[in-house]
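Listing of start-v1.cif; format and content: mmCIF, C-alpha atoms and all ligand atoms.
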data_my_file
loop_
_atom_site.label_atom_id
_atom_site.label_comp_id
_atom_site.auth_asym_id
_atom_site.auth_seq_id
_atom_site.Cartn_x
_atom_site.Cartn_y
_atom_site.Cartn_z
CA MET X 1 -46.45 -75.45 -149.62
CA SER X 2 -44.58 -78.76 -149.82
CA ALA X 3 -44.14 -80.88 -146.67
CA GLU X 4 -40.81 -80.38 -144.95
CA SER X 5 -38.38 -83.29 -145.20
CA ILE X 6 -37.81 -85.30 -142.03
CA GLN X 7 -34.39 -86.68 -141.22
CA ILE X 8 -33.48 -88.91 -138.30
CA TYR X 9 -29.80 -89.23 -137.40
CA GLY X 10 -28.43 -91.97 -135.17
CA ARG X 11 -27.29 -95.57 -135.16
CA HIS X 12 -30.21 -97.95 -134.85
CA THR X 13 -28.45 -99.94 -132.09
CA SER X 14 -28.96 -96.98 -129.71
CA TYR X 15 -32.11 -97.42 -127.63
CA ASN X 16 -32.55 -93.63 -127.66
CA VAL X 17 -32.53 -93.63 -131.46
CA GLN X 18 -34.89 -96.63 -131.46
CA LYS X 19 -37.49 -94.59 -129.54
CA VAL X 20 -37.59 -92.02 -132.35
CA LEU X 21 -37.59 -94.52 -135.23
CA TRP X 22 -40.34 -96.55 -133.55
CA LEU X 23 -42.60 -93.50 -133.07
CA ALA X 24 -41.88 -92.23 -136.60
CA ASP X 25 -43.13 -95.57 -137.95
CA GLU X 26 -46.18 -95.55 -135.67
CA LEU X 27 -47.06 -92.09 -137.00
CA GLY X 28 -46.59 -93.25 -140.60
CA LEU X 29 -44.00 -90.56 -141.28
CA VAL X 30 -41.88 -90.53 -144.39
CA TYR X 31 -38.30 -89.90 -143.29
CA THR X 32 -34.68 -90.44 -144.15
CA HIS X 33 -32.60 -92.34 -141.61
CA THR X 34 -28.84 -91.82 -141.42
CA GLU X 35 -26.71 -94.10 -139.27
CA ILE X 36 -24.44 -91.86 -137.18
CA GLY X 37 -22.38 -92.53 -134.06
CA GLY X 38 -20.87 -95.77 -132.78
CA ARG X 39 -19.00 -97.66 -135.50
CA PHE X 40 -20.50 -95.28 -138.08
CA GLN X 41 -18.96 -92.24 -136.33
CA GLY X 42 -19.73 -88.79 -137.78
CA ASN X 43 -21.22 -87.39 -134.57
CA THR X 44 -18.27 -85.16 -133.74
CA THR X 45 -17.94 -83.38 -137.09
CA ALA X 46 -18.47 -79.60 -137.13
CA GLU X 47 -21.56 -80.17 -139.26
CA PHE X 48 -23.12 -82.59 -136.77
CA LEU X 49 -22.16 -80.48 -133.73
CA LYS X 50 -24.02 -77.59 -135.34
CA MET X 51 -27.16 -79.75 -135.07
CA ASN X 52 -26.42 -81.11 -131.59
CA PRO X 53 -23.59 -79.47 -129.63
CA LEU X 54 -23.44 -82.55 -127.37
CA GLY X 55 -22.40 -84.80 -130.29
CA LYS X 56 -25.06 -87.34 -129.28
CA VAL X 57 -27.74 -89.23 -131.15
CA PRO X 58 -30.64 -89.15 -131.86
CA VAL X 59 -31.11 -85.89 -133.74
CA LEU X 60 -34.22 -85.02 -135.70
CA ARG X 61 -34.15 -82.48 -138.49
CA ILE X 62 -37.28 -81.08 -140.04
CA GLY X 63 -36.60 -78.59 -142.79
CA SER X 64 -34.21 -76.16 -141.09
CA ARG X 65 -35.28 -77.04 -137.53
CA THR X 66 -33.31 -79.39 -135.32
CA VAL X 67 -34.49 -81.30 -132.25
CA TRP X 68 -32.32 -83.39 -129.90
CA GLU X 69 -32.83 -85.39 -126.67
CA SER X 70 -34.86 -88.51 -127.42
CA ASN X 71 -37.81 -87.78 -125.11
CA THR X 72 -38.01 -84.21 -126.38
CA ILE X 73 -38.13 -85.59 -129.92
CA LEU X 74 -40.95 -87.96 -128.88
CA ARG X 75 -42.99 -85.05 -127.53
CA PHE X 76 -42.25 -82.93 -130.59
CA LEU X 77 -43.29 -85.65 -133.05
CA ALA X 78 -46.40 -86.62 -131.08
CA ASP X 79 -47.49 -82.97 -130.82
CA SER X 80 -46.75 -82.29 -134.47
CA TYR X 81 -48.17 -85.41 -136.11
CA SER X 82 -50.88 -86.85 -133.86
CA LYS X 83 -53.92 -85.35 -132.24
CA ASN X 84 -53.90 -86.60 -128.63
CA GLU X 85 -53.34 -90.27 -129.51
CA TRP X 86 -49.69 -90.46 -128.57
CA LEU X 87 -49.60 -87.48 -126.18
CA SER X 88 -52.60 -85.65 -124.81
CA GLN X 89 -52.92 -81.89 -125.21
CA GLU X 90 -54.88 -81.67 -121.93
CA PRO X 91 -52.47 -80.56 -119.16
CA TYR X 92 -53.35 -83.13 -116.50
CA LEU X 93 -53.46 -86.08 -118.92
CA ARG X 94 -50.22 -84.81 -120.41
CA SER X 95 -48.58 -84.80 -116.98
CA GLN X 96 -49.52 -88.48 -116.60
CA SER X 97 -47.44 -89.21 -119.67
CA ASP X 98 -44.65 -86.76 -118.82
CA ARG X 99 -43.99 -88.34 -115.47
CA TRP X 100 -43.15 -91.66 -117.14
CA LEU X 101 -40.89 -89.92 -119.64
CA ASP X 102 -39.03 -88.13 -116.83
CA TRP X 103 -38.92 -91.24 -114.65
CA SER X 104 -37.59 -93.31 -117.53
CA ILE X 105 -34.50 -91.09 -117.69
CA ASP X 106 -34.11 -90.42 -113.98
CA GLN X 107 -34.62 -93.98 -112.65
CA LEU X 108 -35.21 -96.71 -115.22
CA GLU X 109 -32.42 -95.79 -117.63
CA VAL X 110 -29.91 -95.38 -114.80
CA ALA X 111 -30.71 -98.86 -113.45
CA PHE X 112 -30.77 -100.33 -116.96
CA VAL X 113 -27.40 -98.83 -117.87
CA GLY X 114 -25.87 -100.34 -114.74
CA VAL X 115 -26.95 -103.76 -116.01
CA PHE X 116 -26.51 -103.32 -119.74
CA TRP X 117 -23.15 -101.54 -119.64
CA GLY X 118 -21.92 -103.26 -116.49
CA PHE X 119 -22.75 -106.74 -117.78
CA TYR X 120 -23.32 -106.88 -121.52
CA ARG X 121 -21.02 -104.15 -122.77
CA THR X 122 -18.14 -104.96 -120.44
CA PRO X 123 -15.88 -107.96 -121.18
CA PRO X 124 -16.29 -110.68 -118.47
CA GLU X 125 -12.80 -110.13 -116.98
CA LYS X 126 -13.50 -106.44 -116.38
CA ARG X 127 -16.98 -106.75 -114.85
CA ASP X 128 -17.77 -105.45 -111.35
CA ASN X 129 -20.24 -108.12 -110.27
CA GLN X 130 -21.24 -106.36 -107.06
CA SER X 131 -22.18 -103.21 -108.91
CA ILE X 132 -24.06 -105.25 -111.56
CA GLN X 133 -26.07 -107.01 -108.83
CA LYS X 134 -26.99 -103.65 -107.29
CA SER X 135 -28.23 -102.45 -110.69
CA VAL X 136 -30.21 -105.69 -111.15
CA VAL X 137 -31.99 -104.95 -107.84
CA ASP X 138 -32.61 -101.33 -108.96
CA CYS X 139 -34.00 -102.60 -112.29
CA GLU X 140 -36.28 -105.05 -110.50
CA LEU X 141 -37.63 -102.20 -108.35
CA CYS X 142 -38.35 -100.18 -111.51
CA LEU X 143 -40.01 -103.19 -113.15
CA LYS X 144 -42.19 -103.58 -110.06
CA VAL X 145 -43.33 -99.96 -110.41
CA LEU X 146 -44.16 -100.57 -114.07
CA GLY X 147 -45.84 -103.85 -113.15
CA ASN X 148 -48.14 -102.16 -110.62
CA GLN X 149 -49.16 -99.59 -113.20
CA LEU X 150 -49.85 -102.32 -115.77
CA THR X 151 -51.91 -104.80 -113.70
CA ASP X 152 -55.20 -103.70 -115.29
CA LYS X 153 -53.96 -102.07 -118.48
CA GLU X 154 -52.67 -103.13 -121.89
CA PHE X 155 -50.36 -100.11 -122.02
CA LEU X 156 -49.11 -97.67 -119.38
CA LEU X 157 -51.96 -95.19 -119.77
CA GLY X 158 -54.72 -97.51 -120.91
CA LYS X 159 -55.86 -99.45 -123.95
CA THR X 160 -53.63 -97.80 -126.53
CA PRO X 161 -49.90 -97.04 -126.56
CA THR X 162 -48.53 -93.55 -125.97
CA ILE X 163 -45.06 -92.08 -125.87
CA ALA X 164 -44.92 -93.17 -122.21
CA ASP X 165 -44.73 -96.76 -123.50
CA ILE X 166 -42.06 -95.82 -126.01
CA SER X 167 -39.75 -94.04 -123.56
CA THR X 168 -39.92 -96.98 -121.12
CA GLY X 169 -40.58 -99.94 -123.44
CA VAL X 170 -37.29 -99.72 -125.33
CA PHE X 171 -35.44 -101.04 -122.28
CA LEU X 172 -37.52 -104.16 -121.91
CA HIS X 173 -36.34 -106.07 -124.95
CA ARG X 174 -32.69 -105.88 -123.92
CA LEU X 175 -33.46 -106.91 -120.35
CA ASN X 176 -35.23 -109.96 -121.80
CA ALA X 177 -32.62 -110.69 -124.44
CA ILE X 178 -29.36 -110.53 -122.47
CA ASP X 179 -28.25 -113.54 -120.49
CA ILE X 180 -28.82 -112.22 -116.98
CA GLN X 181 -31.24 -113.32 -114.26
CA ILE X 182 -33.81 -110.59 -113.64
CA GLN X 183 -37.32 -110.83 -112.12
CA ILE X 184 -39.95 -109.51 -114.53
CA PRO X 185 -43.51 -109.22 -113.13
CA PRO X 186 -46.24 -111.04 -115.14
CA SER X 187 -48.02 -107.77 -116.04
CA VAL X 188 -44.75 -106.44 -117.48
CA ASP X 189 -44.36 -109.66 -119.49
CA ARG X 190 -47.86 -109.11 -120.90
CA TRP X 191 -46.97 -105.54 -121.75
CA TYR X 192 -43.81 -106.75 -123.51
CA ALA X 193 -45.98 -109.13 -125.54
CA ASN X 194 -48.27 -106.19 -126.44
CA LEU X 195 -45.32 -104.04 -127.45
CA SER X 196 -43.95 -106.90 -129.54
CA GLN X 197 -47.14 -106.80 -131.63
CA ARG X 198 -46.20 -103.32 -132.85
CA ALA X 199 -44.35 -103.40 -136.17
CA GLY X 200 -42.12 -100.47 -135.15
CA TYR X 201 -41.08 -102.20 -131.94
CA ARG X 202 -40.23 -105.38 -133.78
CA LYS X 203 -38.34 -103.60 -136.54
CA TRP X 204 -36.24 -101.24 -134.43
CA VAL X 205 -36.21 -102.29 -130.77
CA MET X 206 -36.05 -106.03 -131.37
CA SER X 207 -33.24 -105.64 -133.88
CA ASP X 208 -29.83 -107.25 -133.49
CA PHE X 209 -27.58 -105.40 -131.04
CA SER X 210 -24.87 -108.05 -130.69
CA GLU X 211 -22.22 -105.68 -132.09
CA LEU X 212 -22.36 -103.96 -128.68
CA GLU X 213 -21.37 -107.05 -126.68
CA GLY X 214 -18.14 -106.51 -124.72
CA ARG X 215 -17.73 -103.13 -126.37
CA SER X 216 -17.53 -99.99 -124.26
CA GLU X 217 -15.81 -97.44 -126.50
CA PHE X 218 -19.05 -95.72 -127.61
N1 LIG X 301 -30.28 -88.20 -123.05
C1 LIG X 301 -29.90 -88.33 -124.43
C2 LIG X 301 -28.79 -89.36 -124.50
C3 LIG X 301 -28.11 -89.35 -125.86
C4 LIG X 301 -26.96 -90.34 -125.88
O1 LIG X 301 -26.22 -90.50 -124.90
N2 LIG X 301 -26.81 -91.03 -127.02
C5 LIG X 301 -25.76 -92.02 -127.14
C6 LIG X 301 -26.35 -93.29 -127.76
S1 LIG X 301 -27.56 -94.02 -126.70
C7 LIG X 301 -24.68 -91.50 -128.08
O2 LIG X 301 -24.89 -90.61 -128.87
N3 LIG X 301 -23.48 -92.08 -127.96
C8 LIG X 301 -22.41 -91.80 -128.86
C9 LIG X 301 -22.35 -92.81 -129.98
O3 LIG X 301 -23.29 -93.62 -130.14
O4 LIG X 301 -21.36 -92.77 -130.71
C10 LIG X 301 -31.14 -88.76 -125.26
O5 LIG X 301 -32.06 -89.33 -124.66
O6 LIG X 301 -31.19 -88.48 -126.45
#
Using structure tokens, write down the structure from this file.
Amino acid sequence: MSAESIQIYGRHTSYNVQKVLWLADELGLVYTHTEIGGRFQGNTTAEFLKMNPLGKVPVLRIGSRTVWESNTILRFLADSYSKNEWLSQEPYLRSQSDRWLDWSIDQLEVAFVGVFWGFYRTPPEKRDNQSIQKSVVDCELCLKVLGNQLTDKEFLLGKTPTIADISTGVFLHRLNAIDIQIQIPPSVDRWYANLSQRAGYRKWVMSDFSELEGRSEF
């Protein structure tokens, strides 16, 4: 039986899409990438909505199967194409990864969005500086939590990266790259340096996102 084709849909400037592209490269997958959403549009067509009724990217298609929600895609790819390296099959070890994936959406992303959208994606004259400062504080609290976890580790769960690093690590580059004052603990800086050694991180996460500056329509 021939291998099913793998297709990844979503503009590469989306950090949620970057998670999927980064893991696909780590796993050595052969895939087709189609830029959808943002300036590329195409995410509200009937055809796309059949794949993801929310009209959001990323979407993964494998043969006739469709997966959406970036962290769900990470779990699906890790389970399908790696044996324990990127996500353990053992329930307790798995929960140690899952909690970072859930936390990344529930806490880290919310704080990050307050900074990234509030500051970078909003033109200066429209910014709400008080709300941005609150999000900076929230981000710093999240970074402290990550920093405590990373004091004696190269990656969140130990010596090698897992999808816990992917779901959280995508936010770090932008926090470093945008022109805003934010306290980053030394252990998080070391982790960022470790992530930056990964070819997939460099290629996708550290790619140019300047087209998003001052732009809030998508
Ligand atoms: N929780 C979803 C969020 C998906 C989402 O909001 N995607 C954004 C990009 S980050 C999107 O599709 N925006 C519309 C667009 O880019 O045109 C996930 O993690 O996949």
Closest atom pairs, residues of chain X within 6 Å of ligand LIG 301 (chain X), all atoms listed in the file, as JSON lines:
{"residue": "X:Ser14", "atom": "CA", "partner": "X:LIG301", "partner_atom": "S1", "distance": 4.4}
{"residue": "X:Tyr15", "atom": "CA", "partner": "X:LIG301", "partner_atom": "S1", "distance": 5.8}
{"residue": "X:Asn16", "atom": "CA", "partner": "X:LIG301", "partner_atom": "S1", "distance": 5.1}
{"residue": "X:Gly37", "atom": "CA", "partner": "X:LIG301", "partner_atom": "O4", "distance": 3.5}
{"residue": "X:Gly38", "atom": "CA", "partner": "X:LIG301", "partner_atom": "O4", "distance": 3.7}
{"residue": "X:Lys56", "atom": "CA", "partner": "X:LIG301", "partner_atom": "O2", "distance": 3.3}
{"residue": "X:Val57", "atom": "CA", "partner": "X:LIG301", "partner_atom": "O2", "distance": 3.9}
{"residue": "X:Pro58", "atom": "CA", "partner": "X:LIG301", "partner_atom": "O6", "distance": 5.5}
{"residue": "X:Glu69", "atom": "CA", "partner": "X:LIG301", "partner_atom": "O6", "distance": 3.5}
{"residue": "X:Ser70", "atom": "CA", "partner": "X:LIG301", "partner_atom": "O6", "distance": 3.8}
{"residue": "X:Asn71", "atom": "CA", "partner": "X:LIG301", "partner_atom": "O5", "distance": 6.0}
{"residue": "X:Phe218", "atom": "CA", "partner": "X:LIG301", "partner_atom": "O4", "distance": 4.9}
Selection export as a compact mmCIF listing (two decimals), in the frame of the given file, atoms kept: C-alpha atoms:
# COMPACT_ATOMS: atom_id res chain seq x y z
CA SER X 14 -28.96 -96.98 -129.71
CA TYR X 15 -32.11 -97.42 -127.63
CA ASN X 16 -32.55 -93.63 -127.66
CA GLY X 37 -22.38 -92.53 -134.06
CA GLY X 38 -20.87 -95.77 -132.78
CA LYS X 56 -25.06 -87.34 -129.28
CA VAL X 57 -27.74 -89.23 -131.15
CA PRO X 58 -30.64 -89.15 -131.86
CA GLU X 69 -32.83 -85.39 -126.67
CA SER X 70 -34.86 -88.51 -127.42
CA ASN X 71 -37.81 -87.78 -125.11
CA PHE X 218 -19.05 -95.72 -127.61
Can you check which parts of region 101-198 of chain X lie within 9 Å of region 82-87 of chain X? Per residue, the shortest pair of atoms and distance in Å to one decimal, counting all atoms listed in the file, sorted by chain and number, as a tab-separated table.
residue	atom	partner	partner_atom	distance
X:Thr160	CA	X:Glu85	CA	8.1
X:Pro161	CA	X:Trp86	CA	6.9
X:Thr162	CA	X:Trp86	CA	4.2
X:Ile163	CA	X:Trp86	CA	5.6
X:Ala164	CA	X:Leu87	CA	8.4
Taking (-43.7, -108.7, -119.2) in the file's own coordinates, collect the residues within 10 Å, counting all atoms listed in the file, and hand them back as number ranges by chain. X: 143, 146-147, 150, 172-173, 176, 183-195
Using all atoms listed in the file, which of X:Leu23, X:Ile6, X:Val137, X:Leu29 sits nearest Val59 (chain X)?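 Among X:Leu23, X:Ile6, X:Val137, X:Leu29, it is X:Ile6 that comes nearest to Val59 (chain X).
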Counting all atoms listed in the file, which residues have an atom no more than 12 Å from (-35.3, -89.0, -128.6) in the file's coordinates? Please list them as a ChimeraX atom specification. /X:8-10,14-24,56-61,66-78,101,105,163,166-168,170
Residue nearest Arg215 (chain X) among X:Asn148, X:Thr122, X:Asn129, X:Gln89 (counting only C-alpha atoms):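 That would be X:Thr122, the residue with the smallest distance to Arg215 (chain X).
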Please compute the CA of Gly114 (chain X)-CA of Ile132 (chain X) distance, one decimal, in Å.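 Here the two named atoms are 6.1 Å from each other.
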Can you list, as a ChimeraX atom specification, every protein, DNA or RNA residue that comes within 12 Å of Glu211 (chain X) when you count all atoms listed in the file, leaving out same-chain residues fewer than 3 positions away? /X:11-14,38-39,120-121,207-208,214-218
